[in-house]
Amino acid sequence: QEFSYFLGQERKMAIAPMPVATACTLAQCVALYSTFFLGAPATILRPEPAKFIGRCMWLTFQTNWMLLCYYSLTVIAGFVSLPNLEIFLVTMFPLAFALAIFLTVAYYALDHFNPEQQLRRGKLKMNGYPWIFLNQHLEHGLGAPFMILFTYLHLPTETVPTYLSIFIVAVYLTLYLVFIHLNWVATGSWPYPFIEEIERDAGSAAREAALLGLVGLFTALGFLGKFCYQQLQ
């Protein structure tokens, strides 16, 4: 039975075939290896907001750790019969989906091709961080492809995501915004330059509206994840 499951067949309590769960877990290991060994420290990239909390200020860093934990648990679910673990993984799927999709899409849509960011990375490459461009691809580019693979190939489960799952997505993003607001109070700086640009160009009300819009966007991605999971059962 163990051997047949490793080849991709269903095993009780597993929510994804073992090769898929393992591949997704390894992808997250690569992303985090890139963070620590190929990228620049947060105190170099954004010294002011990183003063107290370092990389934890970035949604990217939190996302990659959360996805590593999530995928690792899907591997464990293939070897142990824990109904509550299956329920937990299914419930948390929309959050994992929203984080992974946003990680990749937002980076390539808003950051990677930004001339200022390209210039900044070019300077870092010339000053001791030769792998900075590869680092950015590995940190941000693996999230969506592997989540799509996981979603498409996940195994049928007795439970499906509910509206509780969507609530968790909204709560997580709200807590993240509270977290970076507290860090702003402590340091006077935001983790992402675009927040400062909105505030400078349109004021603090526009800044808050944009951040609330992120909560709405993540909630929509959570609904999309819930829908995809149910449709591909």
# chains A, B, ... in the order shown; residues from 1 in each chain; ligands from 1
$ residues_around --residues "Glu208 in chain A" --least-positions-apart "4" --cutoff "12 Å" --atoms "only C-alpha atoms" --output "JSON, numbers by chain"
{"A": [174, 177, 178, 181, 195, 196, 198, 199, 202, 203, 204, 212, 213, 214, 215]}
$ write_last_selection --atoms "C-alpha atoms" --output "mmCIF file, in the first residue's frame"
data_model
loop_
_atom_site.group_PDB
_atom_site.id
_atom_site.type_symbol
_atom_site.label_atom_id
_atom_site.label_comp_id
_atom_site.auth_asym_id
_atom_site.auth_seq_id
_atom_site.Cartn_x
_atom_site.Cartn_y
_atom_site.Cartn_z
ATOM 1 C CA THR A 174 -5.860 41.794 8.303
ATOM 2 C CA LEU A 177 -1.618 44.693 7.892
ATOM 3 C CA VAL A 178 -1.850 45.318 11.640
ATOM 4 C CA HIS A 181 1.305 49.161 10.822
ATOM 5 C CA ILE A 195 3.012 51.920 0.108
ATOM 6 C CA GLU A 196 5.192 54.976 0.627
ATOM 7 C CA ILE A 198 0.821 55.922 -2.568
ATOM 8 C CA GLU A 199 1.042 57.862 0.682
ATOM 9 C CA ALA A 202 -2.336 60.608 -2.597
ATOM 10 C CA GLY A 203 -2.191 60.767 1.179
ATOM 11 C CA SER A 204 -2.710 58.399 4.080
ATOM 12 C CA LEU A 212 -7.845 47.336 2.490
ATOM 13 C CA GLY A 213 -8.091 46.528 -1.197
ATOM 14 C CA LEU A 214 -5.428 43.888 -0.652
ATOM 15 C CA VAL A 215 -7.677 42.214 1.902
#
$ residues_around --residues "range 27-38 of chain A" --least-positions-apart "3" --cutoff "12 Å" --atoms "only C-alpha atoms" --output "ChimeraX atom specification"
/A:20-24,41-42,55-56,58,60-72,100,103-104,124-125,128-147,149-150
$ closest_residue --among "A:Pro94, A:Gln118, A:Leu155, A:Leu59" --to "Leu175 in chain A" --atoms "only C-alpha atoms"
A:Leu59
$ select_by_dssp --residues "range 10-226 of chain A" --states "helix (DSSP H, G or I)" --output "PyMOL selection string"
chain A and resi 18-37+42-45+50-57+59-77+83-111+115-126+132-141+143-153+163-187+193-202+204-226
$ closest_residue --among "A:Leu217, A:Leu153, A:Val75, A:Ile148" --to "Ala170 in chain A" --atoms "only C-alpha atoms"
A:Leu217
$ atom_distance --atom1 "CA of Thr91 in chain A" --atom2 "CA of Leu211 in chain A"
24.9 Å
$ residues_around --residues "Ile168 in chain A" --least-positions-apart "5" --cutoff "12 Å" --atoms "only C-alpha atoms" --output "PyMOL selection string"
chain A and resi 88+91-96+98+161-163+173-175+215+218-219+222-223
$ write_last_selection --atoms "all heavy atoms" --output "short mmCIF file (atom, residue, chain, number, x, y, z; two decimals), in the first residue's frame"
data_model
loop_
_atom_site.label_atom_id
_atom_site.label_comp_id
_atom_site.auth_asym_id
_atom_site.auth_seq_id
_atom_site.Cartn_x
_atom_site.Cartn_y
_atom_site.Cartn_z
N PHE A 88 -7.81 19.91 8.71
CA PHE A 88 -6.99 21.13 8.83
C PHE A 88 -6.43 21.53 7.48
O PHE A 88 -6.50 22.71 7.09
CB PHE A 88 -5.86 20.90 9.82
CG PHE A 88 -4.89 22.04 9.89
CD1 PHE A 88 -5.18 23.18 10.62
CD2 PHE A 88 -3.67 21.97 9.22
CE1 PHE A 88 -4.28 24.24 10.69
CE2 PHE A 88 -2.76 23.02 9.27
CZ PHE A 88 -3.06 24.16 10.00
N THR A 91 -9.16 22.81 5.18
CA THR A 91 -9.63 24.12 5.65
C THR A 91 -8.64 25.23 5.30
O THR A 91 -9.04 26.33 4.90
CB THR A 91 -9.86 24.10 7.17
OG1 THR A 91 -10.84 23.09 7.48
CG2 THR A 91 -10.34 25.44 7.68
N MET A 92 -7.35 24.93 5.41
CA MET A 92 -6.33 25.93 5.17
C MET A 92 -5.96 26.07 3.69
O MET A 92 -5.18 26.97 3.33
CB MET A 92 -5.07 25.59 5.97
CG MET A 92 -5.26 25.59 7.46
SD MET A 92 -5.85 27.20 8.10
CE MET A 92 -4.39 28.20 7.85
N PHE A 93 -6.52 25.22 2.84
CA PHE A 93 -6.14 25.25 1.43
C PHE A 93 -6.38 26.62 0.77
O PHE A 93 -5.50 27.12 0.06
CB PHE A 93 -6.87 24.16 0.64
CG PHE A 93 -6.59 24.23 -0.84
CD1 PHE A 93 -5.42 23.72 -1.37
CD2 PHE A 93 -7.49 24.86 -1.70
CE1 PHE A 93 -5.14 23.82 -2.72
CE2 PHE A 93 -7.22 24.97 -3.05
CZ PHE A 93 -6.04 24.45 -3.57
N PRO A 94 -7.55 27.26 0.94
CA PRO A 94 -7.74 28.56 0.30
C PRO A 94 -6.69 29.60 0.70
O PRO A 94 -6.30 30.43 -0.12
CB PRO A 94 -9.15 28.97 0.73
CG PRO A 94 -9.85 27.67 0.93
CD PRO A 94 -8.81 26.78 1.55
N LEU A 95 -6.25 29.57 1.96
CA LEU A 95 -5.19 30.50 2.37
C LEU A 95 -3.89 30.19 1.65
O LEU A 95 -3.23 31.11 1.13
CB LEU A 95 -4.99 30.43 3.88
CG LEU A 95 -3.83 31.29 4.43
CD1 LEU A 95 -4.04 32.76 4.12
CD2 LEU A 95 -3.67 31.07 5.93
N ALA A 96 -3.50 28.91 1.62
CA ALA A 96 -2.28 28.53 0.91
C ALA A 96 -2.38 28.90 -0.57
O ALA A 96 -1.42 29.42 -1.16
CB ALA A 96 -2.04 27.03 1.06
N ALA A 98 -4.27 31.31 -1.97
CA ALA A 98 -4.23 32.76 -2.14
C ALA A 98 -2.80 33.29 -2.00
O ALA A 98 -2.35 34.12 -2.79
CB ALA A 98 -5.15 33.44 -1.12
N PRO A 161 -13.25 22.78 1.44
CA PRO A 161 -13.18 24.08 2.11
C PRO A 161 -14.55 24.71 2.30
O PRO A 161 -15.43 24.58 1.45
CB PRO A 161 -12.32 24.91 1.15
CG PRO A 161 -11.52 23.91 0.38
CD PRO A 161 -12.43 22.73 0.23
N THR A 162 -14.73 25.39 3.41
CA THR A 162 -15.99 26.05 3.73
C THR A 162 -15.76 27.55 3.83
O THR A 162 -14.67 28.05 3.58
CB THR A 162 -16.55 25.52 5.06
OG1 THR A 162 -15.64 25.91 6.11
CG2 THR A 162 -16.68 24.00 5.04
N TYR A 163 -16.82 28.27 4.23
CA TYR A 163 -16.67 29.71 4.39
C TYR A 163 -15.75 30.07 5.56
O TYR A 163 -15.24 31.18 5.62
CB TYR A 163 -18.04 30.37 4.54
CG TYR A 163 -18.80 30.40 3.23
CD1 TYR A 163 -19.87 29.54 3.00
CD2 TYR A 163 -18.41 31.28 2.21
CE1 TYR A 163 -20.54 29.57 1.79
CE2 TYR A 163 -19.09 31.30 1.00
CZ TYR A 163 -20.15 30.45 0.80
OH TYR A 163 -20.81 30.45 -0.41
N LEU A 173 -4.75 38.24 6.38
CA LEU A 173 -4.29 39.47 5.74
C LEU A 173 -4.51 40.68 6.64
O LEU A 173 -3.68 41.59 6.69
CB LEU A 173 -5.01 39.66 4.41
CG LEU A 173 -4.09 39.53 3.21
CD1 LEU A 173 -3.07 40.66 3.13
CD2 LEU A 173 -3.35 38.19 3.24
N THR A 174 -5.61 40.69 7.38
CA THR A 174 -5.86 41.79 8.30
C THR A 174 -4.79 41.84 9.39
O THR A 174 -4.26 42.92 9.72
CB THR A 174 -7.25 41.64 8.94
OG1 THR A 174 -8.25 41.63 7.91
CG2 THR A 174 -7.53 42.79 9.90
N LEU A 175 -4.44 40.69 9.92
CA LEU A 175 -3.40 40.63 10.95
C LEU A 175 -2.04 41.06 10.39
O LEU A 175 -1.25 41.72 11.08
CB LEU A 175 -3.31 39.22 11.54
CG LEU A 175 -4.50 38.78 12.41
CD1 LEU A 175 -4.33 37.33 12.84
CD2 LEU A 175 -4.64 39.69 13.62
N VAL A 215 -6.87 43.19 1.17
CA VAL A 215 -7.68 42.21 1.90
C VAL A 215 -8.78 41.67 1.00
O VAL A 215 -9.03 40.46 0.96
CB VAL A 215 -8.28 42.84 3.17
CG1 VAL A 215 -9.17 41.83 3.90
CG2 VAL A 215 -7.18 43.33 4.10
N PHE A 218 -7.20 39.30 -1.62
CA PHE A 218 -6.86 38.00 -1.04
C PHE A 218 -8.11 37.18 -0.76
O PHE A 218 -8.13 35.96 -0.95
CB PHE A 218 -6.06 38.19 0.25
CG PHE A 218 -4.58 38.06 0.04
CD1 PHE A 218 -3.85 39.14 -0.41
CD2 PHE A 218 -3.93 36.87 0.27
CE1 PHE A 218 -2.49 39.04 -0.60
CE2 PHE A 218 -2.57 36.75 0.08
CZ PHE A 218 -1.83 37.84 -0.36
N THR A 219 -9.16 37.83 -0.30
CA THR A 219 -10.41 37.12 -0.06
C THR A 219 -10.95 36.54 -1.36
O THR A 219 -11.42 35.39 -1.39
CB THR A 219 -11.44 38.06 0.58
OG1 THR A 219 -10.91 38.61 1.79
CG2 THR A 219 -12.73 37.32 0.90
N GLY A 222 -9.03 33.57 -2.16
CA GLY A 222 -9.48 32.48 -1.32
C GLY A 222 -10.73 31.82 -1.87
O GLY A 222 -10.84 30.58 -1.90
N PHE A 223 -11.68 32.63 -2.34
CA PHE A 223 -12.88 32.07 -2.98
C PHE A 223 -12.51 31.27 -4.21
O PHE A 223 -13.08 30.20 -4.47
CB PHE A 223 -13.85 33.19 -3.37
CG PHE A 223 -14.81 33.58 -2.28
CD1 PHE A 223 -14.69 34.79 -1.62
CD2 PHE A 223 -15.86 32.72 -1.93
CE1 PHE A 223 -15.58 35.14 -0.61
CE2 PHE A 223 -16.76 33.06 -0.94
CZ PHE A 223 -16.62 34.28 -0.28
#
$ closest_residue --among "A:Val169, A:Gly225, A:Ala210, A:Tyr192" --to "Asp111 in chain A" --atoms "only C-alpha atoms"
A:Tyr192
$ atom_distance --atom1 "CA of Pro193 in chain A" --atom2 "CA of Gln117 in chain A"
10.0 Å
$ closest_residue --among "A:Tyr176, A:Thr159, A:Arg121, A:Ala206" --to "Phe194 in chain A" --atoms "only C-alpha atoms"
A:Ala206
$ atom_distance --atom1 "CA of Arg200 in chain A" --atom2 "CA of Leu221 in chain A"
28.6 Å
$ decode --residues "range 216-232 of chain A" --atoms "all heavy atoms" --output "short mmCIF file (atom, residue, chain, number, x, y, z; two decimals), in the first residue's frame"
data_model
loop_
_atom_site.label_atom_id
_atom_site.label_comp_id
_atom_site.auth_asym_id
_atom_site.auth_seq_id
_atom_site.Cartn_x
_atom_site.Cartn_y
_atom_site.Cartn_z
N GLY A 216 -9.42 42.57 0.25
CA GLY A 216 -10.45 42.14 -0.68
C GLY A 216 -9.90 41.23 -1.77
O GLY A 216 -10.52 40.22 -2.13
N LEU A 217 -8.72 41.57 -2.29
CA LEU A 217 -8.10 40.75 -3.33
C LEU A 217 -7.77 39.36 -2.81
O LEU A 217 -8.04 38.35 -3.48
CB LEU A 217 -6.83 41.44 -3.85
CG LEU A 217 -5.99 40.65 -4.86
CD1 LEU A 217 -6.80 40.33 -6.11
CD2 LEU A 217 -4.73 41.42 -5.23
N PHE A 218 -7.20 39.30 -1.62
CA PHE A 218 -6.86 38.00 -1.04
C PHE A 218 -8.11 37.18 -0.76
O PHE A 218 -8.13 35.96 -0.95
CB PHE A 218 -6.06 38.19 0.25
CG PHE A 218 -4.58 38.06 0.04
CD1 PHE A 218 -3.85 39.14 -0.41
CD2 PHE A 218 -3.93 36.87 0.27
CE1 PHE A 218 -2.49 39.04 -0.60
CE2 PHE A 218 -2.57 36.75 0.08
CZ PHE A 218 -1.83 37.84 -0.36
N THR A 219 -9.16 37.83 -0.30
CA THR A 219 -10.41 37.12 -0.06
C THR A 219 -10.95 36.54 -1.36
O THR A 219 -11.42 35.39 -1.39
CB THR A 219 -11.44 38.06 0.58
OG1 THR A 219 -10.91 38.61 1.79
CG2 THR A 219 -12.73 37.32 0.90
N ALA A 220 -10.85 37.31 -2.44
CA ALA A 220 -11.29 36.81 -3.75
C ALA A 220 -10.45 35.61 -4.19
O ALA A 220 -10.98 34.62 -4.73
CB ALA A 220 -11.19 37.93 -4.78
N LEU A 221 -9.15 35.67 -3.94
CA LEU A 221 -8.29 34.53 -4.27
C LEU A 221 -8.64 33.32 -3.41
O LEU A 221 -8.57 32.17 -3.87
CB LEU A 221 -6.82 34.90 -4.08
CG LEU A 221 -6.21 35.83 -5.13
CD1 LEU A 221 -4.81 36.27 -4.71
CD2 LEU A 221 -6.17 35.14 -6.50
N GLY A 222 -9.03 33.57 -2.16
CA GLY A 222 -9.48 32.48 -1.32
C GLY A 222 -10.73 31.82 -1.87
O GLY A 222 -10.84 30.58 -1.90
N PHE A 223 -11.68 32.63 -2.34
CA PHE A 223 -12.88 32.07 -2.98
C PHE A 223 -12.51 31.27 -4.21
O PHE A 223 -13.08 30.20 -4.47
CB PHE A 223 -13.85 33.19 -3.37
CG PHE A 223 -14.81 33.58 -2.28
CD1 PHE A 223 -14.69 34.79 -1.62
CD2 PHE A 223 -15.86 32.72 -1.93
CE1 PHE A 223 -15.58 35.14 -0.61
CE2 PHE A 223 -16.76 33.06 -0.94
CZ PHE A 223 -16.62 34.28 -0.28
N LEU A 224 -11.54 31.76 -4.99
CA LEU A 224 -11.11 31.04 -6.19
C LEU A 224 -10.49 29.70 -5.81
O LEU A 224 -10.77 28.67 -6.45
CB LEU A 224 -10.10 31.88 -6.97
CG LEU A 224 -9.52 31.22 -8.24
CD1 LEU A 224 -10.63 30.91 -9.24
CD2 LEU A 224 -8.46 32.13 -8.86
N GLY A 225 -9.68 29.69 -4.76
CA GLY A 225 -9.09 28.44 -4.30
C GLY A 225 -10.15 27.45 -3.83
O GLY A 225 -10.10 26.26 -4.14
N LYS A 226 -11.12 27.94 -3.09
CA LYS A 226 -12.23 27.09 -2.63
C LYS A 226 -12.99 26.51 -3.81
O LYS A 226 -13.31 25.32 -3.85
CB LYS A 226 -13.17 27.93 -1.75
CG LYS A 226 -14.43 27.23 -1.25
CD LYS A 226 -15.21 28.17 -0.34
CE LYS A 226 -16.49 27.52 0.18
NZ LYS A 226 -17.50 27.33 -0.88
N PHE A 227 -13.27 27.35 -4.81
CA PHE A 227 -14.00 26.90 -5.99
C PHE A 227 -13.21 25.84 -6.75
O PHE A 227 -13.76 24.79 -7.14
CB PHE A 227 -14.27 28.10 -6.90
CG PHE A 227 -14.88 27.75 -8.22
CD1 PHE A 227 -16.25 27.48 -8.32
CD2 PHE A 227 -14.11 27.67 -9.37
CE1 PHE A 227 -16.82 27.15 -9.54
CE2 PHE A 227 -14.67 27.34 -10.59
CZ PHE A 227 -16.03 27.08 -10.67
N CYS A 228 -11.93 26.09 -6.97
CA CYS A 228 -11.10 25.14 -7.72
C CYS A 228 -11.00 23.80 -7.00
O CYS A 228 -11.07 22.74 -7.62
CB CYS A 228 -9.70 25.72 -7.95
SG CYS A 228 -9.64 27.09 -9.10
N TYR A 229 -10.84 23.84 -5.68
CA TYR A 229 -10.74 22.61 -4.90
C TYR A 229 -12.01 21.77 -5.06
O TYR A 229 -11.95 20.56 -5.28
CB TYR A 229 -10.49 22.92 -3.44
CG TYR A 229 -10.06 21.72 -2.61
CD1 TYR A 229 -8.73 21.49 -2.35
CD2 TYR A 229 -11.02 20.83 -2.10
CE1 TYR A 229 -8.32 20.39 -1.61
CE2 TYR A 229 -10.63 19.73 -1.36
CZ TYR A 229 -9.27 19.52 -1.12
OH TYR A 229 -8.89 18.42 -0.39
N GLN A 230 -13.16 22.44 -4.95
CA GLN A 230 -14.42 21.72 -5.06
C GLN A 230 -14.67 21.20 -6.46
O GLN A 230 -15.15 20.07 -6.64
CB GLN A 230 -15.57 22.64 -4.61
CG GLN A 230 -15.53 23.01 -3.13
CD GLN A 230 -16.54 24.06 -2.76
OE1 GLN A 230 -16.96 24.85 -3.59
NE2 GLN A 230 -16.92 24.11 -1.49
N GLN A 231 -14.32 21.98 -7.46
CA GLN A 231 -14.57 21.58 -8.86
C GLN A 231 -13.68 20.42 -9.28
O GLN A 231 -14.05 19.64 -10.15
CB GLN A 231 -14.37 22.76 -9.80
CG GLN A 231 -15.41 23.86 -9.66
CD GLN A 231 -16.82 23.36 -9.93
OE1 GLN A 231 -17.08 22.76 -10.98
NE2 GLN A 231 -17.72 23.61 -9.00
N LEU A 232 -12.49 20.32 -8.68
CA LEU A 232 -11.54 19.29 -9.07
C LEU A 232 -11.59 18.08 -8.15
O LEU A 232 -10.70 17.22 -8.20
CB LEU A 232 -10.13 19.87 -9.10
CG LEU A 232 -9.89 20.93 -10.20
CD1 LEU A 232 -8.55 21.62 -10.01
CD2 LEU A 232 -9.97 20.29 -11.58
#
